[in-house]
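Have a look at final-v2.cif below; it lists mmCIF, C-alpha atoms.
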data_coords
loop_
_atom_site.label_atom_id
_atom_site.label_comp_id
_atom_site.auth_asym_id
_atom_site.auth_seq_id
_atom_site.Cartn_x
_atom_site.Cartn_y
_atom_site.Cartn_z
CA MET A 1 -23.33 -1.16 -21.92
CA ILE A 2 -24.04 1.32 -19.09
CA THR A 3 -21.91 3.66 -17.03
CA VAL A 4 -21.82 3.29 -13.25
CA SER A 5 -20.66 6.16 -11.03
CA LEU A 6 -19.08 5.57 -7.64
CA ARG A 7 -18.21 8.07 -4.93
CA PHE A 8 -14.94 7.75 -3.05
CA GLU A 9 -13.10 9.89 -0.57
CA ASP A 10 -10.20 11.55 -2.39
CA GLU A 11 -7.50 9.67 -0.48
CA MET A 12 -9.20 6.29 -0.92
CA LYS A 13 -9.50 6.88 -4.68
CA LYS A 14 -5.83 7.86 -4.87
CA GLN A 15 -4.75 4.76 -2.94
CA LEU A 16 -6.95 2.48 -5.05
CA ASP A 17 -5.58 4.00 -8.27
CA GLU A 18 -2.03 3.43 -7.02
CA MET A 19 -2.74 -0.17 -6.02
CA CYS A 20 -4.39 -0.95 -9.36
CA ASP A 21 -1.46 0.64 -11.19
CA GLU A 22 0.94 -1.61 -9.26
CA MET A 23 -1.08 -4.59 -10.53
CA GLY A 24 -1.09 -3.28 -14.10
CA MET A 25 -4.76 -2.35 -14.33
CA ASN A 26 -7.12 0.59 -14.00
CA LEU A 27 -10.24 0.98 -11.86
CA THR A 28 -12.60 -0.15 -14.61
CA THR A 29 -10.66 -3.40 -15.02
CA PHE A 30 -10.54 -3.84 -11.24
CA PHE A 31 -14.32 -3.55 -10.88
CA MET A 32 -15.02 -5.71 -13.96
CA ILE A 33 -12.82 -8.52 -12.58
CA TYR A 34 -14.53 -8.21 -9.20
CA ALA A 35 -18.06 -8.23 -10.66
CA LYS A 36 -17.45 -11.19 -12.98
CA LYS A 37 -15.89 -13.25 -10.21
CA ALA A 38 -18.71 -12.40 -7.78
CA LEU A 39 -21.35 -13.40 -10.34
CA ARG A 40 -19.55 -16.63 -11.22
CA ASP A 41 -19.03 -17.71 -7.61
CA ARG A 42 -22.20 -16.12 -6.19
CA ARG A 43 -20.22 -14.71 -3.27
CA ILE A 44 -17.87 -11.87 -2.37
CA PRO A 45 -15.00 -13.28 -4.27
CA PHE A 46 -11.32 -13.21 -3.64
CA GLU A 47 -8.16 -11.48 -2.63
CA ILE A 48 -5.93 -9.57 -5.02
CA ALA A 49 -2.83 -8.35 -3.23
CA ALA A 50 -0.35 -5.66 -4.12
CA PRO A 51 2.99 -5.83 -2.36
CA ARG A 52 3.19 -3.38 0.51
CA ASP A 53 6.02 -0.91 0.49
CA PRO A 54 8.70 -2.48 2.74
CA PHE A 55 9.61 1.00 3.97
CA TYR A 56 6.48 0.92 6.14
CA SER A 57 7.31 -2.35 7.90
CA ASP A 58 6.87 -2.43 11.67
CA SER A 59 10.63 -2.58 12.25
CA ASN A 60 11.29 0.45 10.01
CA ILE A 61 8.56 2.48 11.70
CA ALA A 62 10.08 1.60 15.09
CA GLN A 63 13.52 2.73 13.86
CA LEU A 64 12.05 5.99 12.50
CA LYS A 65 10.31 6.71 15.80
CA LYS A 66 13.54 6.00 17.69
CA ALA A 67 15.49 8.33 15.38
CA ASP A 68 12.82 11.01 15.77
CA GLN A 69 13.15 10.86 19.55
CA GLN A 70 16.93 11.07 19.29
CA ILE A 71 16.65 14.16 17.10
CA LYS A 72 14.18 15.78 19.51
CA HIS A 73 16.69 15.24 22.31
CA GLY A 74 19.54 16.71 20.31
CA GLN A 75 21.24 13.40 19.69
CA VAL A 76 22.90 12.61 16.38
CA VAL A 77 21.45 9.64 14.52
CA VAL A 78 24.14 7.49 12.92
CA LYS A 79 23.45 4.47 10.72
CA THR A 80 25.94 2.46 8.72
CA ILE A 81 25.14 1.62 5.12
CA GLU A 82 24.66 -2.00 6.23
CA GLU A 83 22.09 -0.94 8.83
CA LEU A 84 20.24 1.14 6.24
CA GLU A 85 20.26 -1.70 3.73
CA ALA A 86 19.00 -4.11 6.41
CA MET A 87 16.09 -1.73 7.12
CA GLU A 88 15.17 -1.79 3.43
CA ILE A 89 14.90 -5.59 3.39
CA GLU A 90 12.78 -5.97 6.53
#

Would you write out, as structure tokens, the structure that this file holds?
Amino acid sequence: MITVSLRFEDEMKKQLDEMCDEMGMNLTTFFMIYAKKALRDRRIPFEIAAPRDPFYSDSNIAQLKKADQQIKHGQVVVKTIEELEAMEIE
């Protein structure tokens, strides 16, 4: 067995570690799965998806930008618990 070293930008490595953790694996397992699948299929293989954080949905970002503008203009931002819960689901 050999060791392979890879270079990543710090943020990319952090994000990849977090994604792998969400899928219950580490980077070594991630790359081993990828390599075995690529060799078996003789192509760039497949998609493994981690659920995206719903907080960063387009509708939530739009609401955050709207609230930010209201704050900048000295307006009070008021949300009911129902509105906040609805934002979480979107």

Note to self: Can you measure atom CA of Asn26 of chain A to atom CA of Glu9 of chain A for me? One decimal in Å is fine.
What the structure shows: 17.4 Å

Next item on the list: With a distance cut-off of 12 Å and all atoms listed in the file, select the neighbouring residues of Ala86 of chain A, excluding the residue or stretch itself and same-chain residues fewer than 3 positions from it, and output the selection as number ranges by chain.
Entry: A: 54-55, 57, 59-60, 63, 79-83, 89-90

Next item on the list: Just give me the gap between atom CA of Lys13 of chain A and atom CA of Asp53 of chain A in Å, one decimal is fine.
Entry: 18.1 Å

Margin query: Just want the 12 Å neighbourhood of Ala50 of chain A, counted on all atoms listed in the file, with same-chain residues fewer than 6 positions away dropped. Output as a PyMOL selection string.
Written below: chain A and resi 15-25

Keeping only C-alpha atoms, take the residues you just selected and write them out as a PDB file, in the coordinates of the input.
ATOM      1  CA  GLN A  15      -4.750   4.760  -2.940  1.00  0.00           C
ATOM      2  CA  LEU A  16      -6.950   2.480  -5.050  1.00  0.00           C
ATOM      3  CA  ASP A  17      -5.580   4.000  -8.270  1.00  0.00           C
ATOM      4  CA  GLU A  18      -2.030   3.430  -7.020  1.00  0.00           C
ATOM      5  CA  MET A  19      -2.740  -0.170  -6.020  1.00  0.00           C
ATOM      6  CA  CYS A  20      -4.390  -0.950  -9.360  1.00  0.00           C
ATOM      7  CA  ASP A  21      -1.460   0.640 -11.190  1.00  0.00           C
ATOM      8  CA  GLU A  22       0.940  -1.610  -9.260  1.00  0.00           C
ATOM      9  CA  MET A  23      -1.080  -4.590 -10.530  1.00  0.00           C
ATOM     10  CA  GLY A  24      -1.090  -3.280 -14.100  1.00  0.00           C
ATOM     11  CA  MET A  25      -4.760  -2.350 -14.330  1.00  0.00           C
TER      12      MET A  25
END

Next item on the list: Could you tell me how far atom CA of Phe8 of chain A lies from atom CA of Tyr56 of chain A, in Å and to one decimal?
Entry: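 Result for atom CA of Phe8 of chain A versus atom CA of Tyr56 of chain A: 24.3 Å, one decimal.
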
Quick one: 6 Å padding each side, axis-aligned, all listed atoms of segment 45-59 of chain A - centre and edge lengths in Å to one decimal, as JSON?
{"center_x": -2.2, "center_y": -6.1, "center_z": 3.6, "size_x": 37.6, "size_y": 26.3, "size_z": 29.3}

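Minimum atom-to-atom distance to Val78 of chain A, evaluated using all atoms listed in the file, belongs to A:Lys66 out of A:Met1, A:Arg43, A:Lys66, A:Leu6.
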